[in-house]
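Colleague: Got a structure for you, work27.cif, holding mmCIF, N, CA and C atoms.
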```
data_work
#
loop_
_atom_site.label_atom_id
_atom_site.label_comp_id
_atom_site.auth_asym_id
_atom_site.auth_seq_id
_atom_site.Cartn_x
_atom_site.Cartn_y
_atom_site.Cartn_z
N MET A 1 43.54 80.75 16.41
CA MET A 1 44.00 79.48 15.92
C MET A 1 44.02 79.53 14.40
N THR A 2 45.13 79.08 13.86
CA THR A 2 45.29 79.08 12.41
C THR A 2 45.19 77.66 11.89
N VAL A 3 44.37 77.50 10.90
CA VAL A 3 44.22 76.20 10.27
C VAL A 3 44.96 76.25 8.94
N SER A 4 45.91 75.34 8.76
CA SER A 4 46.64 75.34 7.49
C SER A 4 46.02 74.31 6.56
N MET A 5 45.83 74.71 5.37
CA MET A 5 45.27 73.82 4.35
C MET A 5 46.43 73.06 3.71
N PRO A 6 46.26 71.78 3.50
CA PRO A 6 47.32 71.03 2.85
C PRO A 6 47.49 71.47 1.40
N SER A 7 48.72 71.46 0.95
CA SER A 7 48.98 71.83 -0.44
C SER A 7 48.44 70.74 -1.35
N PRO A 8 48.17 71.08 -2.61
CA PRO A 8 47.69 70.06 -3.55
C PRO A 8 48.64 68.87 -3.66
N MET A 9 49.95 69.13 -3.56
CA MET A 9 50.94 68.05 -3.66
C MET A 9 50.81 67.12 -2.46
N LYS A 10 50.64 67.67 -1.26
CA LYS A 10 50.49 66.85 -0.06
C LYS A 10 49.20 66.03 -0.13
N MET A 11 48.14 66.64 -0.68
CA MET A 11 46.88 65.92 -0.80
C MET A 11 47.04 64.75 -1.79
N ALA A 12 47.72 65.01 -2.89
CA ALA A 12 47.91 63.96 -3.89
C ALA A 12 48.74 62.82 -3.31
N LEU A 13 49.79 63.16 -2.58
CA LEU A 13 50.63 62.13 -1.97
C LEU A 13 49.85 61.36 -0.90
N GLY A 14 48.94 62.05 -0.21
CA GLY A 14 48.13 61.40 0.80
C GLY A 14 47.14 60.40 0.20
N LEU A 15 46.72 60.65 -1.02
CA LEU A 15 45.77 59.77 -1.70
C LEU A 15 46.45 58.58 -2.38
N LEU A 16 47.76 58.64 -2.55
CA LEU A 16 48.49 57.57 -3.23
C LEU A 16 48.27 56.19 -2.62
N PRO A 17 48.38 56.04 -1.28
CA PRO A 17 48.14 54.71 -0.72
C PRO A 17 46.74 54.17 -1.05
N ALA A 18 45.74 55.04 -1.05
CA ALA A 18 44.38 54.60 -1.37
C ALA A 18 44.30 54.16 -2.83
N ALA A 19 45.00 54.88 -3.71
CA ALA A 19 45.00 54.49 -5.13
C ALA A 19 45.61 53.11 -5.30
N PHE A 20 46.71 52.85 -4.61
CA PHE A 20 47.34 51.53 -4.70
C PHE A 20 46.45 50.45 -4.10
N ALA A 21 45.72 50.77 -3.07
CA ALA A 21 44.83 49.78 -2.45
C ALA A 21 43.76 49.36 -3.44
N PHE A 22 43.25 50.32 -4.23
CA PHE A 22 42.23 49.98 -5.21
C PHE A 22 42.84 49.30 -6.43
N ALA A 23 44.10 49.55 -6.73
CA ALA A 23 44.75 48.95 -7.89
C ALA A 23 45.19 47.51 -7.62
N THR A 24 45.37 47.14 -6.37
CA THR A 24 45.88 45.81 -6.03
C THR A 24 45.07 44.67 -6.61
N PRO A 25 43.73 44.66 -6.53
CA PRO A 25 42.99 43.54 -7.11
C PRO A 25 43.24 43.39 -8.61
N ALA A 26 43.35 44.49 -9.34
CA ALA A 26 43.61 44.40 -10.77
C ALA A 26 44.99 43.82 -11.02
N MET A 27 45.98 44.25 -10.25
CA MET A 27 47.33 43.73 -10.42
C MET A 27 47.36 42.26 -10.03
N ALA A 28 46.63 41.89 -9.01
CA ALA A 28 46.63 40.50 -8.55
C ALA A 28 46.05 39.58 -9.62
N ALA A 29 45.12 40.09 -10.43
CA ALA A 29 44.52 39.28 -11.49
C ALA A 29 45.57 38.90 -12.54
N ASP A 30 46.58 39.74 -12.73
CA ASP A 30 47.64 39.46 -13.69
C ASP A 30 48.91 39.02 -12.98
N SER A 31 48.75 38.15 -12.00
CA SER A 31 49.85 37.65 -11.20
C SER A 31 50.13 36.20 -11.57
N ILE A 32 51.32 35.71 -11.20
CA ILE A 32 51.62 34.30 -11.44
C ILE A 32 50.89 33.42 -10.43
N MET A 33 50.33 34.02 -9.39
CA MET A 33 49.60 33.26 -8.38
C MET A 33 48.34 32.66 -8.99
N GLY A 34 48.02 31.46 -8.55
CA GLY A 34 46.80 30.83 -9.02
C GLY A 34 47.05 29.40 -9.46
N ASP A 35 46.05 28.84 -10.13
CA ASP A 35 46.10 27.45 -10.60
C ASP A 35 46.46 27.43 -12.08
N TRP A 36 47.45 26.57 -12.42
CA TRP A 36 47.97 26.50 -13.78
C TRP A 36 47.96 25.06 -14.28
N ILE A 37 47.49 24.87 -15.50
CA ILE A 37 47.48 23.55 -16.14
C ILE A 37 48.81 23.40 -16.87
N THR A 38 49.50 22.29 -16.61
CA THR A 38 50.80 22.05 -17.24
C THR A 38 50.64 21.88 -18.75
N GLN A 39 51.74 22.02 -19.46
CA GLN A 39 51.71 21.89 -20.92
C GLN A 39 51.22 20.52 -21.35
N GLU A 40 51.58 19.47 -20.59
CA GLU A 40 51.14 18.11 -20.92
C GLU A 40 49.67 17.89 -20.56
N ARG A 41 49.08 18.86 -19.88
CA ARG A 41 47.69 18.80 -19.43
C ARG A 41 47.44 17.60 -18.52
N ASP A 42 48.46 17.26 -17.70
CA ASP A 42 48.32 16.12 -16.80
C ASP A 42 48.12 16.51 -15.34
N ALA A 43 48.32 17.79 -15.02
CA ALA A 43 48.17 18.23 -13.62
C ALA A 43 47.89 19.72 -13.55
N ILE A 44 47.35 20.12 -12.41
CA ILE A 44 47.18 21.54 -12.09
C ILE A 44 48.17 21.86 -10.98
N ILE A 45 48.97 22.90 -11.20
CA ILE A 45 49.94 23.36 -10.21
C ILE A 45 49.38 24.64 -9.60
N ARG A 46 49.29 24.68 -8.28
CA ARG A 46 48.80 25.87 -7.58
C ARG A 46 50.02 26.67 -7.11
N ILE A 47 50.16 27.89 -7.64
CA ILE A 47 51.25 28.78 -7.26
C ILE A 47 50.73 29.76 -6.22
N SER A 48 51.43 29.82 -5.08
CA SER A 48 51.00 30.68 -3.98
C SER A 48 52.19 31.09 -3.12
N GLN A 49 51.93 31.97 -2.19
CA GLN A 49 52.95 32.41 -1.24
C GLN A 49 53.32 31.26 -0.32
N CYS A 50 54.60 31.04 -0.12
CA CYS A 50 55.12 30.02 0.80
C CYS A 50 56.18 30.69 1.67
N GLY A 51 55.77 31.25 2.79
CA GLY A 51 56.71 31.98 3.63
C GLY A 51 57.14 33.26 2.92
N LYS A 52 58.45 33.46 2.79
CA LYS A 52 58.97 34.69 2.17
C LYS A 52 59.15 34.55 0.66
N SER A 53 58.84 33.38 0.12
CA SER A 53 58.98 33.19 -1.32
C SER A 53 57.67 32.61 -1.87
N VAL A 54 57.69 32.25 -3.13
CA VAL A 54 56.52 31.70 -3.81
C VAL A 54 56.85 30.27 -4.22
N CYS A 55 55.86 29.38 -4.12
CA CYS A 55 56.07 28.00 -4.53
C CYS A 55 54.87 27.52 -5.33
N GLY A 56 55.05 26.38 -5.98
CA GLY A 56 53.97 25.77 -6.74
C GLY A 56 53.84 24.31 -6.36
N ARG A 57 52.66 23.91 -5.96
CA ARG A 57 52.40 22.52 -5.53
C ARG A 57 51.50 21.80 -6.53
N ILE A 58 51.69 20.48 -6.62
CA ILE A 58 50.79 19.67 -7.43
C ILE A 58 49.45 19.67 -6.70
N HIS A 59 48.47 20.34 -7.29
CA HIS A 59 47.17 20.53 -6.65
C HIS A 59 46.17 19.45 -7.04
N LYS A 60 46.22 19.06 -8.33
CA LYS A 60 45.23 18.10 -8.82
C LYS A 60 45.79 17.39 -10.04
N TYR A 61 45.49 16.11 -10.15
CA TYR A 61 45.86 15.35 -11.34
C TYR A 61 44.74 15.46 -12.36
N LEU A 62 45.10 15.71 -13.60
CA LEU A 62 44.15 15.65 -14.71
C LEU A 62 44.26 14.30 -15.41
N VAL A 63 45.43 13.68 -15.26
CA VAL A 63 45.69 12.32 -15.74
C VAL A 63 46.25 11.56 -14.54
N THR A 64 45.60 10.49 -14.17
CA THR A 64 46.04 9.73 -13.00
C THR A 64 47.42 9.12 -13.26
N PRO A 65 48.37 9.30 -12.33
CA PRO A 65 49.72 8.74 -12.52
C PRO A 65 49.69 7.20 -12.51
N PRO A 66 50.77 6.56 -12.98
CA PRO A 66 50.81 5.10 -13.09
C PRO A 66 50.44 4.36 -11.80
N ASN A 67 50.85 4.89 -10.65
CA ASN A 67 50.56 4.21 -9.38
C ASN A 67 49.38 4.83 -8.64
N GLY A 68 48.50 5.51 -9.37
CA GLY A 68 47.30 6.08 -8.77
C GLY A 68 47.53 7.44 -8.13
N VAL A 69 46.45 7.96 -7.53
CA VAL A 69 46.49 9.29 -6.92
C VAL A 69 47.51 9.36 -5.78
N GLY A 70 47.79 8.25 -5.16
CA GLY A 70 48.76 8.21 -4.07
C GLY A 70 50.20 8.03 -4.54
N GLN A 71 50.46 8.32 -5.84
CA GLN A 71 51.81 8.16 -6.42
C GLN A 71 52.87 8.76 -5.50
N LYS A 72 53.92 8.00 -5.26
CA LYS A 72 55.03 8.44 -4.42
C LYS A 72 56.14 9.04 -5.28
N ASP A 73 57.05 9.71 -4.65
CA ASP A 73 58.18 10.38 -5.30
C ASP A 73 59.30 9.35 -5.55
N VAL A 74 59.00 8.31 -6.31
CA VAL A 74 59.89 7.14 -6.47
C VAL A 74 61.18 7.44 -7.20
N ASN A 75 61.23 8.53 -7.96
CA ASN A 75 62.44 8.86 -8.74
C ASN A 75 63.38 9.82 -8.02
N ASN A 76 63.04 10.19 -6.79
CA ASN A 76 63.88 11.13 -6.05
C ASN A 76 65.24 10.50 -5.76
N PRO A 77 66.33 11.23 -6.03
CA PRO A 77 67.66 10.68 -5.74
C PRO A 77 67.91 10.48 -4.24
N ASP A 78 67.16 11.22 -3.41
CA ASP A 78 67.27 11.07 -1.95
C ASP A 78 66.30 9.96 -1.52
N LYS A 79 66.85 8.81 -1.18
CA LYS A 79 66.01 7.65 -0.84
C LYS A 79 65.03 7.93 0.29
N SER A 80 65.39 8.83 1.21
CA SER A 80 64.51 9.13 2.34
C SER A 80 63.26 9.90 1.90
N LEU A 81 63.27 10.47 0.69
CA LEU A 81 62.12 11.24 0.20
C LEU A 81 61.23 10.44 -0.75
N ARG A 82 61.60 9.24 -1.08
CA ARG A 82 60.86 8.45 -2.06
C ARG A 82 59.49 7.99 -1.57
N SER A 83 59.23 8.07 -0.28
CA SER A 83 57.93 7.63 0.24
C SER A 83 56.92 8.77 0.32
N ARG A 84 57.31 9.99 0.00
CA ARG A 84 56.36 11.12 0.06
C ARG A 84 55.43 11.09 -1.15
N THR A 85 54.22 11.50 -0.93
CA THR A 85 53.20 11.53 -1.97
C THR A 85 53.39 12.78 -2.83
N LEU A 86 53.26 12.62 -4.13
CA LEU A 86 53.45 13.75 -5.05
C LEU A 86 52.32 14.79 -4.93
N LEU A 87 51.09 14.33 -4.75
CA LEU A 87 49.97 15.26 -4.66
C LEU A 87 50.16 16.16 -3.45
N GLY A 88 50.18 17.45 -3.67
CA GLY A 88 50.39 18.42 -2.60
C GLY A 88 51.83 18.81 -2.41
N MET A 89 52.72 18.11 -3.07
CA MET A 89 54.15 18.37 -2.92
C MET A 89 54.58 19.59 -3.75
N PRO A 90 55.45 20.44 -3.18
CA PRO A 90 55.93 21.57 -3.98
C PRO A 90 56.92 21.11 -5.05
N ILE A 91 56.67 21.53 -6.29
CA ILE A 91 57.63 21.26 -7.36
C ILE A 91 58.33 22.56 -7.79
N LEU A 92 57.72 23.70 -7.49
CA LEU A 92 58.35 25.01 -7.70
C LEU A 92 58.68 25.54 -6.31
N THR A 93 59.93 25.90 -6.07
CA THR A 93 60.32 26.36 -4.74
C THR A 93 61.23 27.59 -4.80
N GLY A 94 61.13 28.41 -3.78
CA GLY A 94 62.03 29.55 -3.60
C GLY A 94 61.93 30.64 -4.64
N PHE A 95 60.77 30.80 -5.26
CA PHE A 95 60.64 31.80 -6.31
C PHE A 95 60.54 33.21 -5.73
N ARG A 96 61.33 34.10 -6.34
CA ARG A 96 61.33 35.51 -5.95
C ARG A 96 61.32 36.35 -7.23
N PRO A 97 60.65 37.51 -7.17
CA PRO A 97 60.57 38.34 -8.38
C PRO A 97 61.91 38.99 -8.72
N ASP A 98 62.17 39.08 -10.03
CA ASP A 98 63.33 39.77 -10.58
C ASP A 98 62.83 40.51 -11.82
N ASP A 99 62.31 41.70 -11.62
CA ASP A 99 61.59 42.45 -12.65
C ASP A 99 60.37 41.64 -13.10
N ASP A 100 60.27 41.29 -14.38
CA ASP A 100 59.10 40.56 -14.89
C ASP A 100 59.27 39.05 -14.82
N ILE A 101 60.40 38.59 -14.29
CA ILE A 101 60.67 37.16 -14.20
C ILE A 101 60.73 36.76 -12.74
N TRP A 102 60.23 35.58 -12.44
CA TRP A 102 60.35 35.00 -11.11
C TRP A 102 61.41 33.91 -11.20
N ARG A 103 62.35 33.89 -10.27
CA ARG A 103 63.44 32.92 -10.31
C ARG A 103 63.40 32.02 -9.08
N GLY A 104 63.63 30.74 -9.29
CA GLY A 104 63.65 29.77 -8.21
C GLY A 104 64.14 28.44 -8.72
N LYS A 105 63.57 27.36 -8.22
CA LYS A 105 63.95 26.01 -8.63
C LYS A 105 62.69 25.21 -8.97
N VAL A 106 62.85 24.28 -9.92
CA VAL A 106 61.75 23.39 -10.30
C VAL A 106 62.24 21.95 -10.13
N TYR A 107 61.38 21.14 -9.53
CA TYR A 107 61.66 19.72 -9.35
C TYR A 107 60.80 18.95 -10.33
N ASP A 108 61.42 18.06 -11.09
CA ASP A 108 60.70 17.21 -12.04
C ASP A 108 60.54 15.83 -11.42
N PRO A 109 59.35 15.49 -10.92
CA PRO A 109 59.16 14.18 -10.28
C PRO A 109 59.32 13.00 -11.24
N LYS A 110 59.19 13.24 -12.55
CA LYS A 110 59.35 12.15 -13.51
C LYS A 110 60.80 11.72 -13.64
N SER A 111 61.74 12.67 -13.46
CA SER A 111 63.16 12.34 -13.56
C SER A 111 63.86 12.35 -12.20
N GLY A 112 63.23 13.02 -11.22
CA GLY A 112 63.86 13.15 -9.90
C GLY A 112 64.93 14.23 -9.88
N LYS A 113 64.95 15.11 -10.87
CA LYS A 113 65.98 16.15 -10.95
C LYS A 113 65.40 17.52 -10.62
N THR A 114 66.27 18.36 -10.07
CA THR A 114 65.91 19.74 -9.74
C THR A 114 66.73 20.67 -10.63
N TYR A 115 66.07 21.69 -11.16
CA TYR A 115 66.70 22.62 -12.09
C TYR A 115 66.49 24.05 -11.62
N ARG A 116 67.41 24.93 -12.01
CA ARG A 116 67.21 26.37 -11.86
C ARG A 116 66.03 26.71 -12.75
N SER A 117 65.19 27.63 -12.33
CA SER A 117 63.97 27.88 -13.08
C SER A 117 63.64 29.37 -13.16
N GLU A 118 62.95 29.70 -14.24
CA GLU A 118 62.42 31.05 -14.44
C GLU A 118 60.96 30.92 -14.85
N VAL A 119 60.13 31.77 -14.30
CA VAL A 119 58.71 31.79 -14.63
C VAL A 119 58.36 33.22 -15.00
N SER A 120 57.62 33.37 -16.10
CA SER A 120 57.18 34.71 -16.49
C SER A 120 55.76 34.65 -17.04
N LEU A 121 55.02 35.68 -16.76
CA LEU A 121 53.65 35.78 -17.23
C LEU A 121 53.67 36.32 -18.66
N GLN A 122 53.18 35.54 -19.61
CA GLN A 122 53.14 35.94 -21.02
C GLN A 122 51.87 36.74 -21.32
N SER A 123 50.80 36.37 -20.66
CA SER A 123 49.53 37.08 -20.73
C SER A 123 48.78 36.71 -19.46
N ARG A 124 47.60 37.24 -19.31
CA ARG A 124 46.84 36.96 -18.08
C ARG A 124 46.63 35.46 -17.87
N ASN A 125 46.53 34.70 -18.96
CA ASN A 125 46.21 33.27 -18.87
C ASN A 125 47.31 32.36 -19.40
N LYS A 126 48.51 32.89 -19.61
CA LYS A 126 49.60 32.07 -20.14
C LYS A 126 50.88 32.34 -19.34
N LEU A 127 51.48 31.27 -18.87
CA LEU A 127 52.69 31.34 -18.05
C LEU A 127 53.80 30.58 -18.76
N LYS A 128 54.97 31.18 -18.89
CA LYS A 128 56.13 30.50 -19.46
C LYS A 128 56.97 30.00 -18.29
N MET A 129 57.17 28.68 -18.22
CA MET A 129 57.96 28.05 -17.16
C MET A 129 59.18 27.44 -17.82
N LYS A 130 60.37 27.81 -17.33
CA LYS A 130 61.62 27.28 -17.89
C LYS A 130 62.41 26.56 -16.81
N GLY A 131 63.02 25.45 -17.21
CA GLY A 131 63.98 24.75 -16.37
C GLY A 131 65.32 24.84 -17.06
N CYS A 132 66.38 25.15 -16.29
CA CYS A 132 67.67 25.43 -16.90
C CYS A 132 68.80 24.64 -16.26
N ILE A 133 69.73 24.21 -17.12
CA ILE A 133 71.01 23.64 -16.69
C ILE A 133 72.07 24.53 -17.32
N ALA A 134 72.91 25.14 -16.50
CA ALA A 134 73.90 26.12 -16.97
C ALA A 134 73.16 27.19 -17.77
N PHE A 135 73.49 27.38 -19.05
CA PHE A 135 72.84 28.42 -19.85
C PHE A 135 71.79 27.85 -20.81
N ILE A 136 71.55 26.55 -20.72
CA ILE A 136 70.56 25.91 -21.60
C ILE A 136 69.24 25.77 -20.84
N CYS A 137 68.18 26.33 -21.42
CA CYS A 137 66.86 26.29 -20.79
C CYS A 137 65.85 25.64 -21.74
N GLN A 138 64.94 24.89 -21.16
CA GLN A 138 63.80 24.36 -21.91
C GLN A 138 62.54 24.90 -21.25
N GLY A 139 61.59 25.30 -22.09
CA GLY A 139 60.40 25.93 -21.56
C GLY A 139 59.13 25.17 -21.86
N GLN A 140 58.13 25.50 -21.07
CA GLN A 140 56.77 24.99 -21.25
C GLN A 140 55.82 26.16 -21.10
N ASP A 141 54.71 26.08 -21.79
CA ASP A 141 53.64 27.06 -21.63
C ASP A 141 52.55 26.44 -20.78
N TRP A 142 52.22 27.10 -19.68
CA TRP A 142 51.14 26.65 -18.82
C TRP A 142 49.96 27.59 -19.01
N THR A 143 48.76 27.05 -18.87
CA THR A 143 47.53 27.80 -19.07
C THR A 143 46.82 27.95 -17.72
N ARG A 144 46.30 29.14 -17.46
CA ARG A 144 45.58 29.37 -16.21
C ARG A 144 44.32 28.50 -16.19
N ALA A 145 44.12 27.79 -15.08
CA ALA A 145 42.93 26.97 -14.91
C ALA A 145 41.75 27.88 -14.60
N LYS A 146 40.58 27.49 -15.08
CA LYS A 146 39.38 28.32 -14.84
C LYS A 146 38.63 27.81 -13.64
#
```
Transcribe the structure of this file into structure tokens.

Modeller:
Amino acid sequence: MTVSMPSPMKMALGLLPAAFAFATPAMAADSIMGDWITQERDAIIRISQCGKSVCGRIHKYLVTPPNGVGQKDVNNPDKSLRSRTLLGMPILTGFRPDDDIWRGKVYDPKSGKTYRSEVSLQSRNKLKMKGCIAFICQGQDWTRAK
């Protein structure tokens, strides 16, 4: 019986999945996933996996809205959605990675409008969130919540 020894290249390739498994937690730390404080410092948005895409939900108010914690989506152009509560509602939807940028849509409950959006990680604790109409974009810097 002959026992063949794996070549160094085969051994290195065999170890690659293990290397990625150990690298995943470090990469996850520098991910857009997590809790983010809005630029106005009025809410925390929790960004997480939502099915096959990524979304961001209003997780916590830092400033209580005018109609209290149970604030409804009163500015929504769709009258059937105006009775839904903002807390827990997704405002970032359908985000998918495109190199270093995540693209999807952002809903602004203050205006009731939805915009094309781009999100990018500026540093481990800083997220650039942009809402765009045609080629004009306005951005906000969000800070990772501790």

Colleague: For Ile133 (chain A), find every residue with an atom within 9 Å (counting only C-alpha atoms), except residues of its own chain fewer than 3 positions away, and show them as an MDAnalysis selection string.

Modeller: chainID A and resid 115:117 136:138

Colleague: Please determine, counting only C-alpha atoms, which residue among A:Met33, A:Leu92, A:Leu62, A:Cys132 has the shortest atom-to-atom distance to Ser48 (chain A).

Modeller: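 That would be A:Met33, the residue with the smallest distance to Ser48 (chain A).
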
Colleague: May I have the residues within 9 Å of region 96-100 of chain A as a ChimeraX atom specification, using only C-alpha atoms and disregarding those fewer than 4 positions away in the same chain?

Modeller: /A:52-54,104,119-121

Colleague: I'd like the neighbourhood of Asp108 (chain A) as a PyMOL selection string, where a residue qualifies if any of its atoms comes within 8 Å (using all atoms listed in the file), though same-chain residues fewer than 3 positions away should be ignored.

Modeller: chain A and resi 75-76+91-92+105+111-115

Colleague: Please, what distance in Å, to one decimal, runs between atom N of Gln49 (chain A) and atom N of Ile101 (chain A)?

Modeller: 16.2 Å

Colleague: Between CA of Asp141 (chain A) and atom N of Ser31 (chain A), what distance in Å does the model show, to one decimal?

Modeller: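 A separation of 15.5 Å between them.
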
Colleague: Report the distance between atom C of Gln71 (chain A) and atom C of Arg41 (chain A) in Å, rounded to one decimal place.

Modeller: 16.6 Å

Colleague: If you take every atom of region 38-47 of chain A that the file lists and fit an axis-aligned box around them with 6 Å extra on each side, what centre and edge lengths come out in Å to one decimal, as JSON?

Modeller:
```
{"center_x": 49.5, "center_y": 22.9, "center_z": -13.8, "size_x": 16.6, "size_y": 25.6, "size_z": 27.1}
```

Colleague: Just want the 8 Å neighbourhood of Ala43 (chain A), counted on only N, CA and C atoms, with same-chain residues fewer than 6 positions away dropped. Output as number ranges by chain.

Modeller: A: 35-37, 58-64

Colleague: Hey, can you spit out that residue selection with N, CA and C atoms as a compact mmCIF listing (two decimals), in the frame of the given file?

Modeller:
```
# COMPACT_ATOMS: atom_id res chain seq x y z
N ASP A 35 46.05 28.84 -10.13
CA ASP A 35 46.10 27.45 -10.60
C ASP A 35 46.46 27.43 -12.08
N TRP A 36 47.45 26.57 -12.42
CA TRP A 36 47.97 26.50 -13.78
C TRP A 36 47.96 25.06 -14.28
N ILE A 37 47.49 24.87 -15.50
CA ILE A 37 47.48 23.55 -16.14
C ILE A 37 48.81 23.40 -16.87
N ILE A 58 51.69 20.48 -6.62
CA ILE A 58 50.79 19.67 -7.43
C ILE A 58 49.45 19.67 -6.70
N HIS A 59 48.47 20.34 -7.29
CA HIS A 59 47.17 20.53 -6.65
C HIS A 59 46.17 19.45 -7.04
N LYS A 60 46.22 19.06 -8.33
CA LYS A 60 45.23 18.10 -8.82
C LYS A 60 45.79 17.39 -10.04
N TYR A 61 45.49 16.11 -10.15
CA TYR A 61 45.86 15.35 -11.34
C TYR A 61 44.74 15.46 -12.36
N LEU A 62 45.10 15.71 -13.60
CA LEU A 62 44.15 15.65 -14.71
C LEU A 62 44.26 14.30 -15.41
N VAL A 63 45.43 13.68 -15.26
CA VAL A 63 45.69 12.32 -15.74
C VAL A 63 46.25 11.56 -14.54
N THR A 64 45.60 10.49 -14.17
CA THR A 64 46.04 9.73 -13.00
C THR A 64 47.42 9.12 -13.26
```
